[in-house]
Amino acid sequence: MLTRIDHIGIACFDLDKTVDFYRATYGFEVFHSEVNEEQGVREAMLRINGTDDGGASYIQLLEPVREDSTVAKWLERHGEGVHHIAFGTADVDADSEEIRGRGVRVLYDEPRRGSMDSRITFLHPKDCHGVLTELVTAAGSSTTPH
Ligand code: CMX
Ligand code: CO
């Protein structure tokens with residue numbers, strides 16, 4: 001079951017400058033940052049609020065680390081902006097399989113490693129009314145062992 005907005009992913013050209021904007025304008029602080037080589041991004045997670053499922057909602061700021069990464073390609077075409085939304089669940093495996101069964105393309109056979117050791121997968125934007133949609137199980141909140 002999808003129980004929260006886990007994060008909104010925003011693509012930017014310069015992560016440090018964009019973090020400064022979020023801090024100066026809204027007072028949001030960086031909760032976590034990392035490079036995810038597989039996804040081709042350097043990212044900062046700004047924690048906005050806790051959620052009633054025990055998780056939290058974040059803004060995920062994304063800067064590409066490779067010219068051939070999906071975010072670099074997207075920035076080239078669209079410029080900066082909202083890149084994807086992510087729903088949180090305690091069981092990304094079960095939920096992505098169920099959604100696949102409803103005819104939506106799930107991009108990965110098995111969920112991969114996401115921010116803060118979460119497990120993530122993506123739904124194709126063309127099957128989701130133009131919205132690239134991520135499903136996330138936060139580390140430590142999974143209902144199925146892996
Ligand atoms: N939101 C909405 N539509 C998008 C999109 C996005 N972020 N990215 C691509 N599209 C659309 C394009 O506009 C294009 O539509 P048209 O054919 O009508 O022009 C179509 O999808 C194909 O676009 P493309 O540029 O050819 O892109 P690809 O097919 O190479 O890649 C996708 C699209 C979704 C498969 C790829 O972005 C992907 O694998 N995403 C998942 C991984 C990811 O985004 N990682 C970065 C974030 C990591 C994290 O959140 O932790
Ligand atoms: Co994301």
# chains A, B, ... in the order shown; residues from 1 in each chain; ligands from 1
$ closest_atom_pairs --of "chain A" --to "ligand 1" --cutoff "8 Å" --atoms "only C-alpha atoms and all ligand atoms" --output "Markdown table"
| residue | atom | partner | partner_atom_place_in_ligand_line | distance |
| --- | --- | --- | --- | --- |
| A:Gly9 | CA | ligand 1 | 50 (O) | 6.1 |
| A:Asn36 | CA | ligand 1 | 51 (O) | 7.5 |
| A:Gln39 | CA | ligand 1 | 45 (N) | 5.0 |
| A:Gly40 | CA | ligand 1 | 46 (C) | 7.0 |
| A:Val41 | CA | ligand 1 | 46 (C) | 6.7 |
| A:Glu43 | CA | ligand 1 | 51 (O) | 7.9 |
| A:Gln60 | CA | ligand 1 | 50 (O) | 7.4 |
| A:Leu62 | CA | ligand 1 | 47 (C) | 7.2 |
| A:Ser69 | CA | ligand 1 | 46 (C) | 7.8 |
| A:Thr70 | CA | ligand 1 | 37 (O) | 4.8 |
| A:Val71 | CA | ligand 1 | 46 (C) | 5.7 |
| A:Lys73 | CA | ligand 1 | 25 (O) | 6.5 |
| A:Trp74 | CA | ligand 1 | 8 (N) | 6.0 |
| A:Arg77 | CA | ligand 1 | 25 (O) | 7.6 |
| A:Val82 | CA | ligand 1 | 7 (N) | 7.7 |
| A:His83 | CA | ligand 1 | 7 (N) | 4.4 |
| A:His84 | CA | ligand 1 | 7 (N) | 5.4 |
| A:Ala86 | CA | ligand 1 | 50 (O) | 7.7 |
| A:Leu107 | CA | ligand 1 | 39 (O) | 6.6 |
| A:Gly114 | CA | ligand 1 | 51 (O) | 5.1 |
| A:Ser115 | CA | ligand 1 | 51 (O) | 5.9 |
| A:Ile120 | CA | ligand 1 | 51 (O) | 7.5 |
| A:Thr121 | CA | ligand 1 | 41 (C) | 7.7 |
| A:Phe122 | CA | ligand 1 | 41 (C) | 5.6 |
| A:Leu123 | CA | ligand 1 | 34 (C) | 7.4 |
| A:His124 | CA | ligand 1 | 34 (C) | 5.3 |
| A:Pro125 | CA | ligand 1 | 3 (N) | 4.9 |
| A:Lys126 | CA | ligand 1 | 21 (O) | 6.1 |
| A:Gly130 | CA | ligand 1 | 2 (C) | 4.8 |
| A:Val131 | CA | ligand 1 | 2 (C) | 4.7 |
| A:Leu132 | CA | ligand 1 | 1 (N) | 4.4 |
| A:Glu134 | CA | ligand 1 | 50 (O) | 7.0 |
$ residues_around --residues "A:Ile5" --least-positions-apart "3" --cutoff "12 Å" --atoms "only C-alpha atoms" --output "list in words"
Leu2, Ile8, Gly9, Arg47, Ile48, Asn49, Gly50, Thr51, Asp52, Asp53, Gly55, Ala56, Ser57, Tyr58, Ile59, Gln60, His84, Ile85, Ala86, Phe87, Gly88, Thr89, Thr133, Glu134, Leu135, Val136 and Thr137 of chain A
$ write_last_selection --atoms "C-alpha atoms" --output "tab-separated table (two decimals), in the first residue's frame"
chain	number	residue	atom	x	y	z
A	2	LEU	CA	1.29	3.46	-0.91
A	8	ILE	CA	9.48	15.20	-5.05
A	9	GLY	CA	12.55	14.94	-7.29
A	47	ARG	CA	13.32	16.67	5.06
A	48	ILE	CA	10.03	18.57	5.13
A	49	ASN	CA	7.82	16.61	7.56
A	50	GLY	CA	7.17	13.26	9.20
A	51	THR	CA	4.22	11.23	7.94
A	52	ASP	CA	1.60	9.20	9.78
A	53	ASP	CA	2.98	5.89	8.42
A	55	GLY	CA	8.12	7.77	7.34
A	56	ALA	CA	8.84	11.28	6.08
A	57	SER	CA	8.46	13.53	3.06
A	58	TYR	CA	11.46	15.12	1.37
A	59	ILE	CA	12.45	17.36	-1.49
A	60	GLN	CA	15.13	15.49	-3.48
A	84	HIS	CA	9.53	12.91	-10.71
A	85	ILE	CA	7.33	12.18	-7.73
A	86	ALA	CA	7.86	9.29	-5.30
A	87	PHE	CA	5.30	7.42	-3.22
A	88	GLY	CA	6.39	5.57	-0.09
A	89	THR	CA	5.39	2.02	0.80
A	133	THR	CA	6.68	7.98	-10.69
A	134	GLU	CA	9.01	6.31	-8.19
A	135	LEU	CA	8.06	3.83	-5.47
A	136	VAL	CA	10.23	3.77	-2.34
A	137	THR	CA	10.66	1.55	0.69
$ select_by_dssp --residues "chain A" --states "alpha helix (DSSP H)" --output "ChimeraX atom specification"
/A:15-26,70-78,92-101
$ select_by_dssp --residues "stretch 3-144 of chain A" --states "strand (DSSP E)" --output "ChimeraX atom specification"
/A:3-11,30-36,41-50,56-64,81-89,112-113,119-123,133-137
$ write_last_selection --atoms "C-alpha atoms" --output "PDB file, in the first residue's frame"
ATOM      1  CA  THR A   3       1.027   5.546   2.240  1.00  0.00           C
ATOM      2  CA  ARG A   4       2.886   8.838   1.772  1.00  0.00           C
ATOM      3  CA  ILE A   5       4.477  11.242  -0.640  1.00  0.00           C
ATOM      4  CA  ASP A   6       8.075  10.187   0.016  1.00  0.00           C
ATOM      5  CA  HIS A   7       9.678  12.894  -2.086  1.00  0.00           C
ATOM      6  CA  ILE A   8       9.480  15.204  -5.049  1.00  0.00           C
ATOM      7  CA  GLY A   9      12.552  14.938  -7.286  1.00  0.00           C
ATOM      8  CA  ILE A  10      13.789  18.219  -8.750  1.00  0.00           C
ATOM      9  CA  ALA A  11      16.516  18.314 -11.402  1.00  0.00           C
ATOM     10  CA  VAL A  30      20.000  19.229   4.022  1.00  0.00           C
ATOM     11  CA  PHE A  31      19.069  16.060   5.923  1.00  0.00           C
ATOM     12  CA  HIS A  32      21.245  13.788   3.795  1.00  0.00           C
ATOM     13  CA  SER A  33      23.378  13.974   0.660  1.00  0.00           C
ATOM     14  CA  GLU A  34      25.111  11.337  -1.460  1.00  0.00           C
ATOM     15  CA  VAL A  35      26.259  10.358  -4.935  1.00  0.00           C
ATOM     16  CA  ASN A  36      24.297   7.503  -6.482  1.00  0.00           C
ATOM     17  CA  VAL A  41      23.187  11.737  -9.714  1.00  0.00           C
ATOM     18  CA  ARG A  42      24.511  13.771  -6.821  1.00  0.00           C
ATOM     19  CA  GLU A  43      21.574  14.479  -4.562  1.00  0.00           C
ATOM     20  CA  ALA A  44      20.458  16.318  -1.453  1.00  0.00           C
ATOM     21  CA  MET A  45      17.432  15.265   0.588  1.00  0.00           C
ATOM     22  CA  LEU A  46      15.656  18.095   2.423  1.00  0.00           C
ATOM     23  CA  ARG A  47      13.316  16.674   5.058  1.00  0.00           C
ATOM     24  CA  ILE A  48      10.027  18.569   5.134  1.00  0.00           C
ATOM     25  CA  ASN A  49       7.821  16.611   7.563  1.00  0.00           C
ATOM     26  CA  GLY A  50       7.174  13.259   9.205  1.00  0.00           C
ATOM     27  CA  ALA A  56       8.842  11.277   6.082  1.00  0.00           C
ATOM     28  CA  SER A  57       8.460  13.529   3.064  1.00  0.00           C
ATOM     29  CA  TYR A  58      11.457  15.124   1.367  1.00  0.00           C
ATOM     30  CA  ILE A  59      12.452  17.358  -1.489  1.00  0.00           C
ATOM     31  CA  GLN A  60      15.132  15.488  -3.484  1.00  0.00           C
ATOM     32  CA  LEU A  61      17.440  17.840  -5.387  1.00  0.00           C
ATOM     33  CA  LEU A  62      19.287  16.074  -8.222  1.00  0.00           C
ATOM     34  CA  GLU A  63      22.370  17.125 -10.181  1.00  0.00           C
ATOM     35  CA  PRO A  64      23.709  14.817 -12.896  1.00  0.00           C
ATOM     36  CA  GLY A  81      12.223  21.601 -12.816  1.00  0.00           C
ATOM     37  CA  VAL A  82      10.181  18.817 -11.255  1.00  0.00           C
ATOM     38  CA  HIS A  83      11.552  15.526 -12.610  1.00  0.00           C
ATOM     39  CA  HIS A  84       9.534  12.905 -10.706  1.00  0.00           C
ATOM     40  CA  ILE A  85       7.327  12.178  -7.729  1.00  0.00           C
ATOM     41  CA  ALA A  86       7.862   9.293  -5.302  1.00  0.00           C
ATOM     42  CA  PHE A  87       5.302   7.417  -3.219  1.00  0.00           C
ATOM     43  CA  GLY A  88       6.389   5.569  -0.086  1.00  0.00           C
ATOM     44  CA  THR A  89       5.394   2.023   0.801  1.00  0.00           C
ATOM     45  CA  ARG A 112      17.424  -0.980  -6.817  1.00  0.00           C
ATOM     46  CA  ARG A 113      19.282   1.007  -4.194  1.00  0.00           C
ATOM     47  CA  ARG A 119      14.833   0.338  -2.248  1.00  0.00           C
ATOM     48  CA  ILE A 120      13.331   2.009  -5.306  1.00  0.00           C
ATOM     49  CA  THR A 121      11.719   1.376  -8.640  1.00  0.00           C
ATOM     50  CA  PHE A 122      10.126   3.596 -11.304  1.00  0.00           C
ATOM     51  CA  LEU A 123       6.922   3.553 -13.366  1.00  0.00           C
ATOM     52  CA  THR A 133       6.677   7.977 -10.690  1.00  0.00           C
ATOM     53  CA  GLU A 134       9.008   6.306  -8.187  1.00  0.00           C
ATOM     54  CA  LEU A 135       8.064   3.827  -5.467  1.00  0.00           C
ATOM     55  CA  VAL A 136      10.230   3.766  -2.336  1.00  0.00           C
ATOM     56  CA  THR A 137      10.664   1.548   0.689  1.00  0.00           C
TER      57      THR A 137
END
$ atom_distance --atom1 "atom CA of A:Gly140" --atom2 "atom CA of A:Asp117"
9.0 Å
$ closest_residue --among "A:Val106, A:Ala94, A:Ser118, A:Ser142" --to "ligand 2" --atoms "only C-alpha atoms and all ligand atoms"
A:Ser118
$ closest_residue --among "A:Asp95, A:Met116, A:His129, A:Asp109" --to "ligand 2" --atoms "only C-alpha atoms and all ligand atoms"
A:Met116
$ atom_distance --atom1 "atom CA of A:Asp68" --atom2 "atom CA of A:Ala139"
28.2 Å
$ atom_distance --atom1 "atom CA of A:Cys12" --atom2 "atom CA of A:Cys128"
22.8 Å
$ closest_residue --among "A:Met1, A:Val104, A:Ala138, A:Ala90" --to "ligand 2" --atoms "only C-alpha atoms and all ligand atoms"
A:Ala138
